[in-house]
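Working notes, beginning with the structure itself.
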Amino acid sequence: MGNTSLSRRGFLAASAATGLGAAALSACGSSDSGNTSGKTEIEWWNITTTQPAKKLWAQRAKEFEAAHPDVKIKIVTLENEAYKSKMTAQTASGKLPDIYHTWGGGVLKQQVDAGLVEDLTDKVSSWTKDFMPAALEAYRFEDRAYAVPFDIGMVGFWYNKALFKKAGIDTPPTTWSGYLDAVQALKDEGITPIALAGKEKWPGMYYWAYLSMRVAGLEAMQKASDDADFTGEDFVKAGEHLKELVALKPFQKGFLGAAYSTPTGEAATMANGKAAMELMGQWAPVVQADAGKGLGEDLGFFSFPAVEGGKGALTEVFGGGGGHAVRKGAPEAAVEFLKFFAEKEFAEKLVKETGLVPVSKAAQGALTDPNLTAVSDALNKSTGFQLYLDQAYAPAVGQEINDSVAALIAGSKSPEQVTRSVTQVAKSEG
C-alpha cells in the first residue's frame, strides 16, 4: 500500500457521480497569469495525506521552487473520497488543477475526450522511456500519453509458506486446476485455504476479473467494454470457474460478513495464520501487519494461475497505480515539475521511505523488501496489463461487476446472470 499509494478501498468508485455542486475550492486552471508576486503559480492536487510521504512531497515542491525562483507551487492535499468528489465537480465545470492525481483508465479518458488534459507524449518520452510498460498503460489512449505514473502495483496471491508446507504444497500452483488441487489439499489438512472480505465485494471481484482475463484474454476484456456486451461464452466460463472454487467452500467461517481491514477481517485472518492465502494487491503485507500479527518470513507471493485452454497468459497482470496528469494549457513549469519529481534520487527515496513499487527501472535497486521485489519482478516480466475494472470501465459497470460477482459467490446468481446484469448496466451507460 505504501504511504503515497492506496489500498483497494482507495481505488473504489474513483469517479462515482456525486450530488456536489462546484467544489468549495478556488477555481482551477487560472495560473497562467501568475499571481500578485509576479510568479507563475502551479496548483498541484494530490491525495498524499500520510507521513512521511506528505512531508517528502512538500519538500520536493520547495526544492523545485528553489531551482525555479519564478515559480510557486500551491499544494492542495485532499483525503481520497473528498478528492474524488471535488474532481468530479471540477471535471464537470471544465476547470482542472494544473497538476492532479489520476488513476487513469475510463475517468482520465473522459477528461481527455472533453479536451481538458494535456497530451504529454512528446514532452515526457525522453525521460519515461525506462518506465515499466505496465505502469504507463493506464494513462495511454491511441498511443498518446496523458499522465506520468509514480506508483504501480498488481494483485496476486499472498500465501502462508508454513501452511502450504504443512499441506504438502511444495511450490505455488501455476494452473487453475493445480490451484483447485492446492485448495483441496489445504482443506484436507484442516486449514482454511482462503481469507475473503465478502462484505466489501471488491475482493471477490478480483477472482472473476482475473479468471475473465485468463479465459477470454485482454483484447476480449476491452472489446466487451467497447461493445457493452459481457455475455460472451468466455465470460460465462470465468464465472463457472469461480463457481468451481466456491463449491470447495474454501473461505473462512463468516466470510460473507467479513470486512477487509478490521480486527476480524480478511487481512487479520491472513496475518494471524487463520487462512493460507488471500488474493490482494501489493499493499497486503502492510495491512496484514496493521490488522494482525503479520507473517514475517512465512509470507510469500505468486501470480494468479493460468487457465488451461484460455486465451490469456500467466504473465498478464491485473492492478493499478497512481499518476499525475496536467490540464490542457497549463504553464510549461507543470511538466518540468513532473520531470523533477521523477528524478532517480527522489524516486529511490520514495521507495525506501514510503514503500512504493518504483515505476522506473533505474530506481528498482532501492527495493529491499522481498515481497515488493516479487511484485516488481512480476510487473517487469508482464506481457499485458489490465487496470482495475472499476477504473477501466464506467463507474456503474464496475460497481455492477462487484455486486454481481458477490452474488455469485454467495450463491444467489449464476455465471450467466452475472454477465447479463453487467451487460445491462453497460448498455444503459452507453
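Here's how to read the names in the C-alpha cells: chain A, B, ... by the order shown, residue numbers from 1 in each chain, ligand numbers from 1 in the order shown.
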Selection: 8 Å around Asp70 of chain A, only C-alpha atoms, excl. self and same-chain fewer than 5 positions, as JSON, numbers by chain = {"A": [38, 39, 40, 65]}
Tell me which protein, DNA and RNA residues are within 12 Å of Thr231 of chain A, counting only C-alpha atoms, leaving out same-chain ones fewer than 4 positions away, and put them as a list in words.
->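 Once the adjacent positions are removed, what remains is Ser212, Ala216, Ala220, Met221, Lys223, Ala224, Ser225, Asp227, Phe235, Val236, Lys237, Ala238, Gly239, Pro415, Glu416, Gln417, Val418, Thr419, Arg420, Ser421, Val422, Thr423, Gln424, Ala426 and Lys427 of chain A.
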Now that the selection is made, can you save its residues with N, CA and C atoms as a PDB file, in the first residue's frame?
```pdb
ATOM      1  N   SER A 212     -11.597 -13.953 -15.967  1.00  0.00           N
ATOM      2  CA  SER A 212     -12.003 -13.420 -17.279  1.00  0.00           C
ATOM      3  C   SER A 212     -10.781 -13.113 -18.134  1.00  0.00           C
ATOM      4  N   ALA A 216     -10.738 -15.311 -21.375  1.00  0.00           N
ATOM      5  CA  ALA A 216     -11.102 -14.540 -22.564  1.00  0.00           C
ATOM      6  C   ALA A 216      -9.922 -13.791 -23.175  1.00  0.00           C
ATOM      7  N   ALA A 220     -10.348  -9.274 -25.424  1.00  0.00           N
ATOM      8  CA  ALA A 220     -11.776  -9.520 -25.232  1.00  0.00           C
ATOM      9  C   ALA A 220     -12.329  -8.665 -24.096  1.00  0.00           C
ATOM     10  N   MET A 221     -11.515  -8.412 -23.085  1.00  0.00           N
ATOM     11  CA  MET A 221     -11.940  -7.542 -21.989  1.00  0.00           C
ATOM     12  C   MET A 221     -12.239  -6.144 -22.516  1.00  0.00           C
ATOM     13  N   LYS A 223     -12.849  -5.338 -25.696  1.00  0.00           N
ATOM     14  CA  LYS A 223     -13.951  -5.391 -26.671  1.00  0.00           C
ATOM     15  C   LYS A 223     -15.304  -5.448 -25.955  1.00  0.00           C
ATOM     16  N   ALA A 224     -15.362  -6.184 -24.856  1.00  0.00           N
ATOM     17  CA  ALA A 224     -16.610  -6.274 -24.106  1.00  0.00           C
ATOM     18  C   ALA A 224     -17.029  -4.907 -23.591  1.00  0.00           C
ATOM     19  N   SER A 225     -16.038  -4.146 -23.161  1.00  0.00           N
ATOM     20  CA  SER A 225     -16.322  -2.789 -22.694  1.00  0.00           C
ATOM     21  C   SER A 225     -16.763  -1.898 -23.854  1.00  0.00           C
ATOM     22  N   ASP A 227     -18.100  -2.738 -26.692  1.00  0.00           N
ATOM     23  CA  ASP A 227     -19.380  -3.171 -27.252  1.00  0.00           C
ATOM     24  C   ASP A 227     -20.508  -3.184 -26.229  1.00  0.00           C
ATOM     25  N   PHE A 235     -16.772 -15.209 -20.781  1.00  0.00           N
ATOM     26  CA  PHE A 235     -17.085 -14.548 -19.512  1.00  0.00           C
ATOM     27  C   PHE A 235     -17.977 -15.432 -18.649  1.00  0.00           C
ATOM     28  N   VAL A 236     -18.833 -16.211 -19.302  1.00  0.00           N
ATOM     29  CA  VAL A 236     -19.628 -17.193 -18.561  1.00  0.00           C
ATOM     30  C   VAL A 236     -18.706 -18.269 -17.973  1.00  0.00           C
ATOM     31  N   LYS A 237     -17.728 -18.698 -18.763  1.00  0.00           N
ATOM     32  CA  LYS A 237     -16.774 -19.701 -18.287  1.00  0.00           C
ATOM     33  C   LYS A 237     -16.004 -19.200 -17.077  1.00  0.00           C
ATOM     34  N   ALA A 238     -15.647 -17.910 -17.093  1.00  0.00           N
ATOM     35  CA  ALA A 238     -14.936 -17.330 -15.953  1.00  0.00           C
ATOM     36  C   ALA A 238     -15.761 -17.499 -14.682  1.00  0.00           C
ATOM     37  N   GLY A 239     -17.059 -17.214 -14.799  1.00  0.00           N
ATOM     38  CA  GLY A 239     -17.946 -17.387 -13.652  1.00  0.00           C
ATOM     39  C   GLY A 239     -18.074 -18.835 -13.239  1.00  0.00           C
ATOM     40  N   PRO A 415     -23.436 -17.848 -13.214  1.00  0.00           N
ATOM     41  CA  PRO A 415     -22.456 -17.192 -14.095  1.00  0.00           C
ATOM     42  C   PRO A 415     -23.112 -16.447 -15.254  1.00  0.00           C
ATOM     43  N   GLU A 416     -24.160 -17.030 -15.828  1.00  0.00           N
ATOM     44  CA  GLU A 416     -24.855 -16.364 -16.928  1.00  0.00           C
ATOM     45  C   GLU A 416     -25.545 -15.090 -16.466  1.00  0.00           C
ATOM     46  N   GLN A 417     -26.158 -15.140 -15.294  1.00  0.00           N
ATOM     47  CA  GLN A 417     -26.838 -13.964 -14.766  1.00  0.00           C
ATOM     48  C   GLN A 417     -25.858 -12.826 -14.488  1.00  0.00           C
ATOM     49  N   VAL A 418     -24.647 -13.160 -14.055  1.00  0.00           N
ATOM     50  CA  VAL A 418     -23.628 -12.133 -13.829  1.00  0.00           C
ATOM     51  C   VAL A 418     -23.350 -11.378 -15.122  1.00  0.00           C
ATOM     52  N   THR A 419     -23.123 -12.130 -16.194  1.00  0.00           N
ATOM     53  CA  THR A 419     -22.783 -11.475 -17.470  1.00  0.00           C
ATOM     54  C   THR A 419     -23.951 -10.661 -18.016  1.00  0.00           C
ATOM     55  N   ARG A 420     -25.174 -11.145 -17.813  1.00  0.00           N
ATOM     56  CA  ARG A 420     -26.344 -10.409 -18.294  1.00  0.00           C
ATOM     57  C   ARG A 420     -26.542  -9.115 -17.506  1.00  0.00           C
ATOM     58  N   SER A 421     -26.355  -9.184 -16.191  1.00  0.00           N
ATOM     59  CA  SER A 421     -26.524  -7.996 -15.350  1.00  0.00           C
ATOM     60  C   SER A 421     -25.498  -6.922 -15.699  1.00  0.00           C
ATOM     61  N   VAL A 422     -24.252  -7.341 -15.872  1.00  0.00           N
ATOM     62  CA  VAL A 422     -23.193  -6.389 -16.206  1.00  0.00           C
ATOM     63  C   VAL A 422     -23.450  -5.775 -17.577  1.00  0.00           C
ATOM     64  N   THR A 423     -23.874  -6.596 -18.515  1.00  0.00           N
ATOM     65  CA  THR A 423     -24.175  -6.106 -19.868  1.00  0.00           C
ATOM     66  C   THR A 423     -25.315  -5.096 -19.856  1.00  0.00           C
ATOM     67  N   GLN A 424     -26.339  -5.394 -19.062  1.00  0.00           N
ATOM     68  CA  GLN A 424     -27.487  -4.486 -18.984  1.00  0.00           C
ATOM     69  C   GLN A 424     -27.052  -3.105 -18.506  1.00  0.00           C
ATOM     70  N   ALA A 426     -23.959  -1.906 -18.628  1.00  0.00           N
ATOM     71  CA  ALA A 426     -23.041  -1.333 -19.632  1.00  0.00           C
ATOM     72  C   ALA A 426     -23.809  -0.679 -20.767  1.00  0.00           C
ATOM     73  N   LYS A 427     -24.877  -1.313 -21.210  1.00  0.00           N
ATOM     74  CA  LYS A 427     -25.683  -0.750 -22.306  1.00  0.00           C
ATOM     75  C   LYS A 427     -26.430   0.507 -21.861  1.00  0.00           C
TER      76      LYS A 427
END
```
Of A:Asp113, A:Asp130, A:Asp170, A:Asp119, the one nearest to Ala342 of chain A when counting only C-alpha atoms is A:Asp130
All strand (DSSP E) residues (DSSP, backbone) inside segment 260-344 of chain A, as a list in words |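 Across segment 260-344 of chain A, those assigned strand (DSSP E) are Met277, Glu278, Leu279, Met280, Leu299, Gly300, Phe301, Phe302, Glu316, Val317, Phe318, Gly319, Gly320, Gly321, Gly322, Gly323, His324, Ala325 and Val326 of chain A.
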Excluding Gly190 of chain A and any residue of its chain fewer than 3 positions from it, enumerate the residues within 12 Å of it, using only C-alpha atoms, and give them as a list in words.
->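 Within the cut-off, the hits are Leu163, Phe164, Lys166, Ala167, Val183, Gln184, Ala185, Leu186, Lys187, Pro193, Pro250, Gln252, Lys274, Ala275 and Ala276 of chain A.
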Can you write out the residues you just picked, keeping N, CA and C atoms, as a PDB file, in the first residue's frame?
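So result07.pdb came out as:
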```pdb
ATOM      1  N   LEU A 163       1.884 -22.897   6.152  1.00  0.00           N
ATOM      2  CA  LEU A 163       0.648 -23.657   5.961  1.00  0.00           C
ATOM      3  C   LEU A 163       0.683 -24.437   4.654  1.00  0.00           C
ATOM      4  N   PHE A 164       1.283 -23.856   3.610  1.00  0.00           N
ATOM      5  CA  PHE A 164       1.432 -24.591   2.357  1.00  0.00           C
ATOM      6  C   PHE A 164       2.297 -25.829   2.584  1.00  0.00           C
ATOM      7  N   LYS A 166       2.762 -27.463   5.367  1.00  0.00           N
ATOM      8  CA  LYS A 166       2.008 -28.410   6.184  1.00  0.00           C
ATOM      9  C   LYS A 166       1.052 -29.240   5.329  1.00  0.00           C
ATOM     10  N   ALA A 167       0.519 -28.619   4.264  1.00  0.00           N
ATOM     11  CA  ALA A 167      -0.413 -29.314   3.373  1.00  0.00           C
ATOM     12  C   ALA A 167       0.306 -30.061   2.256  1.00  0.00           C
ATOM     13  N   VAL A 183      -6.091 -25.960  -3.043  1.00  0.00           N
ATOM     14  CA  VAL A 183      -7.170 -25.615  -2.123  1.00  0.00           C
ATOM     15  C   VAL A 183      -7.682 -26.876  -1.416  1.00  0.00           C
ATOM     16  N   GLN A 184      -7.872 -27.941  -2.188  1.00  0.00           N
ATOM     17  CA  GLN A 184      -8.357 -29.191  -1.596  1.00  0.00           C
ATOM     18  C   GLN A 184      -7.339 -29.780  -0.632  1.00  0.00           C
ATOM     19  N   ALA A 185      -6.060 -29.697  -0.989  1.00  0.00           N
ATOM     20  CA  ALA A 185      -5.001 -30.212  -0.109  1.00  0.00           C
ATOM     21  C   ALA A 185      -4.989 -29.471   1.224  1.00  0.00           C
ATOM     22  N   LEU A 186      -5.195 -28.187   1.188  1.00  0.00           N
ATOM     23  CA  LEU A 186      -5.253 -27.394   2.420  1.00  0.00           C
ATOM     24  C   LEU A 186      -6.462 -27.795   3.259  1.00  0.00           C
ATOM     25  N   LYS A 187      -7.600 -27.953   2.601  1.00  0.00           N
ATOM     26  CA  LYS A 187      -8.800 -28.368   3.322  1.00  0.00           C
ATOM     27  C   LYS A 187      -8.618 -29.739   3.967  1.00  0.00           C
ATOM     28  N   PRO A 193      -8.339 -22.506   3.372  1.00  0.00           N
ATOM     29  CA  PRO A 193      -7.487 -22.120   2.243  1.00  0.00           C
ATOM     30  C   PRO A 193      -7.413 -20.617   1.977  1.00  0.00           C
ATOM     31  N   PRO A 250     -13.897 -22.789   0.281  1.00  0.00           N
ATOM     32  CA  PRO A 250     -12.518 -22.507   0.665  1.00  0.00           C
ATOM     33  C   PRO A 250     -12.339 -21.352   1.642  1.00  0.00           C
ATOM     34  N   GLN A 252     -13.006 -18.579   4.925  1.00  0.00           N
ATOM     35  CA  GLN A 252     -13.136 -18.665   6.376  1.00  0.00           C
ATOM     36  C   GLN A 252     -14.597 -18.592   6.804  1.00  0.00           C
ATOM     37  N   LYS A 274      -4.751 -17.791  10.206  1.00  0.00           N
ATOM     38  CA  LYS A 274      -6.037 -18.498  10.211  1.00  0.00           C
ATOM     39  C   LYS A 274      -6.493 -18.895   8.810  1.00  0.00           C
ATOM     40  N   ALA A 275      -5.765 -18.478   7.782  1.00  0.00           N
ATOM     41  CA  ALA A 275      -6.046 -18.877   6.402  1.00  0.00           C
ATOM     42  C   ALA A 275      -4.725 -18.924   5.652  1.00  0.00           C
ATOM     43  N   ALA A 276      -4.703 -19.696   4.569  1.00  0.00           N
ATOM     44  CA  ALA A 276      -3.437 -19.934   3.864  1.00  0.00           C
ATOM     45  C   ALA A 276      -3.117 -18.891   2.808  1.00  0.00           C
TER      46      ALA A 276
END
```
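Distance check against Leu56 of chain A using only C-alpha atoms: of A:Asp369, A:Glu348, A:Asp234, A:Glu429, the minimum falls on A:Glu348.
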Just the residues within 8 Å of segment 302-309 of chain A, please, counting only C-alpha atoms, with nothing from its chain fewer than 3 positions along; format it as a ChimeraX atom specification.
-> /A:155-159,172-177,179,210-211,214-215,312-314,378
Once you have the residues from the selection above, write them out as a compact mmCIF listing (two decimals), in the first residue's frame, restricted to C-alpha atoms.
```
# COMPACT_ATOMS: atom_id res chain seq x y z
CA VAL A 155 -2.99 -8.11 -7.46
CA GLY A 156 -1.74 -11.62 -6.76
CA PHE A 157 -1.91 -14.36 -4.15
CA TRP A 158 -0.25 -13.71 -0.81
CA TYR A 159 0.29 -17.03 0.94
CA PRO A 172 2.70 -22.37 -5.65
CA PRO A 173 0.35 -23.53 -8.43
CA THR A 174 0.65 -22.05 -11.91
CA THR A 175 -2.55 -23.53 -13.40
CA TRP A 176 -6.17 -23.24 -12.31
CA SER A 177 -6.58 -27.00 -11.91
CA TYR A 179 -4.80 -24.18 -7.76
CA TYR A 210 -8.55 -12.48 -13.28
CA LEU A 211 -10.48 -15.54 -14.50
CA ARG A 214 -7.17 -15.81 -18.24
CA VAL A 215 -10.10 -17.33 -20.16
CA GLY A 312 -4.91 -15.16 -21.59
CA ALA A 313 -1.37 -15.66 -20.30
CA LEU A 314 0.11 -16.16 -16.85
CA ALA A 378 6.18 -9.88 -11.97
```
Pick out the closest residue to Val359 of chain A from this set: A:Gln90, A:Gln391, A:Ser376, A:Gln111. Count only C-alpha atoms.
->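 Checking each of A:Gln90, A:Gln391, A:Ser376, A:Gln111 against Val359 of chain A, counting only C-alpha atoms, the winner is A:Ser376.
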Nearest residue to Phe318 of chain A from the set A:Leu248, A:Ala271, A:Ala134, A:Ala347 (distances using only C-alpha atoms) =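 Closest to Phe318 of chain A of all the choices is A:Ala134.
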Alpha helix (DSSP H) per DSSP on the backbone: members of segment 327-397 of chain A, as a PyMOL selection string | chain A and resi 332-341+344-354+370-380+389-392+395-397
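You can rank A:Ala363, A:Val375, A:Val326, A:Ala135 by their closest distance to Gly300 of chain A using only C-alpha atoms, and at the top of that list sits A:Val375.
Take the candidates A:Leu372, A:Leu256, A:Ile169, A:Ala147 and check each one against Ala195 of chain A using only C-alpha atoms; the shortest distance goes to A:Leu256.
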Counting only C-alpha atoms, what is within 8 Å of Thr383 of chain A, bar same-chain residues fewer than 3 positions away, as a PyMOL selection string?
-> chain A and resi 315-317
Å distance separating atom CA of Leu389 of chain A from atom CA of Thr264 of chain A, one decimal place | 27.0 Å
Could you give me, as a list in words, the residues within 6 Å of Gly319 of chain A, counting only C-alpha atoms and dropping anything in the same chain fewer than 2 positions from it?
->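 Answer for this query is Gly153, Met154, Val155, Leu387 and Tyr388 of chain A.
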Pull all heavy atoms from the residues just selected and write them as a PDB file, in the first residue's frame.
```
ATOM      1  N   GLY A 153       1.334  -1.197  -9.095  1.00  0.00           N
ATOM      2  CA  GLY A 153       1.173  -2.403  -8.298  1.00  0.00           C
ATOM      3  C   GLY A 153       0.294  -3.402  -9.018  1.00  0.00           C
ATOM      4  O   GLY A 153      -0.253  -3.117 -10.079  1.00  0.00           O
ATOM      5  N   MET A 154       0.155  -4.565  -8.426  1.00  0.00           N
ATOM      6  CA  MET A 154      -0.671  -5.608  -9.029  1.00  0.00           C
ATOM      7  C   MET A 154      -1.283  -6.476  -7.951  1.00  0.00           C
ATOM      8  O   MET A 154      -0.825  -6.508  -6.806  1.00  0.00           O
ATOM      9  CB  MET A 154       0.164  -6.481  -9.973  1.00  0.00           C
ATOM     10  CG  MET A 154       1.253  -7.273  -9.270  1.00  0.00           C
ATOM     11  SD  MET A 154       2.120  -8.453 -10.344  1.00  0.00           S
ATOM     12  CE  MET A 154       0.906  -9.779 -10.484  1.00  0.00           C
ATOM     13  N   VAL A 155      -2.320  -7.158  -8.332  1.00  0.00           N
ATOM     14  CA  VAL A 155      -2.993  -8.114  -7.462  1.00  0.00           C
ATOM     15  C   VAL A 155      -2.412  -9.498  -7.713  1.00  0.00           C
ATOM     16  O   VAL A 155      -2.151  -9.876  -8.861  1.00  0.00           O
ATOM     17  CB  VAL A 155      -4.510  -8.117  -7.740  1.00  0.00           C
ATOM     18  CG1 VAL A 155      -5.204  -9.247  -6.994  1.00  0.00           C
ATOM     19  CG2 VAL A 155      -5.112  -6.760  -7.370  1.00  0.00           C
ATOM     20  N   LEU A 387      -6.166  -2.727 -16.025  1.00  0.00           N
ATOM     21  CA  LEU A 387      -6.471  -1.834 -14.921  1.00  0.00           C
ATOM     22  C   LEU A 387      -7.692  -2.356 -14.162  1.00  0.00           C
ATOM     23  O   LEU A 387      -8.562  -3.014 -14.735  1.00  0.00           O
ATOM     24  CB  LEU A 387      -6.758  -0.438 -15.473  1.00  0.00           C
ATOM     25  CG  LEU A 387      -6.985   0.685 -14.468  1.00  0.00           C
ATOM     26  CD1 LEU A 387      -5.731   0.954 -13.657  1.00  0.00           C
ATOM     27  CD2 LEU A 387      -7.418   1.957 -15.216  1.00  0.00           C
ATOM     28  N   TYR A 388      -7.738  -2.056 -12.857  1.00  0.00           N
ATOM     29  CA  TYR A 388      -8.904  -2.408 -12.053  1.00  0.00           C
ATOM     30  C   TYR A 388     -10.183  -2.098 -12.825  1.00  0.00           C
ATOM     31  O   TYR A 388     -10.335  -1.023 -13.399  1.00  0.00           O
ATOM     32  CB  TYR A 388      -8.906  -1.611 -10.749  1.00  0.00           C
ATOM     33  CG  TYR A 388      -7.749  -1.909  -9.835  1.00  0.00           C
ATOM     34  CD1 TYR A 388      -6.801  -0.936  -9.557  1.00  0.00           C
ATOM     35  CD2 TYR A 388      -7.606  -3.167  -9.250  1.00  0.00           C
ATOM     36  CE1 TYR A 388      -5.731  -1.201  -8.717  1.00  0.00           C
ATOM     37  CE2 TYR A 388      -6.546  -3.439  -8.414  1.00  0.00           C
ATOM     38  CZ  TYR A 388      -5.610  -2.448  -8.147  1.00  0.00           C
ATOM     39  OH  TYR A 388      -4.553  -2.724  -7.316  1.00  0.00           O
TER      40      TYR A 388
END
```
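Counting only C-alpha atoms, Gly257 of chain A has the following residues at most 8 Å away, ignoring those fewer than 4 positions along the same chain: Ala197, Gly198 and Lys199 of chain A.
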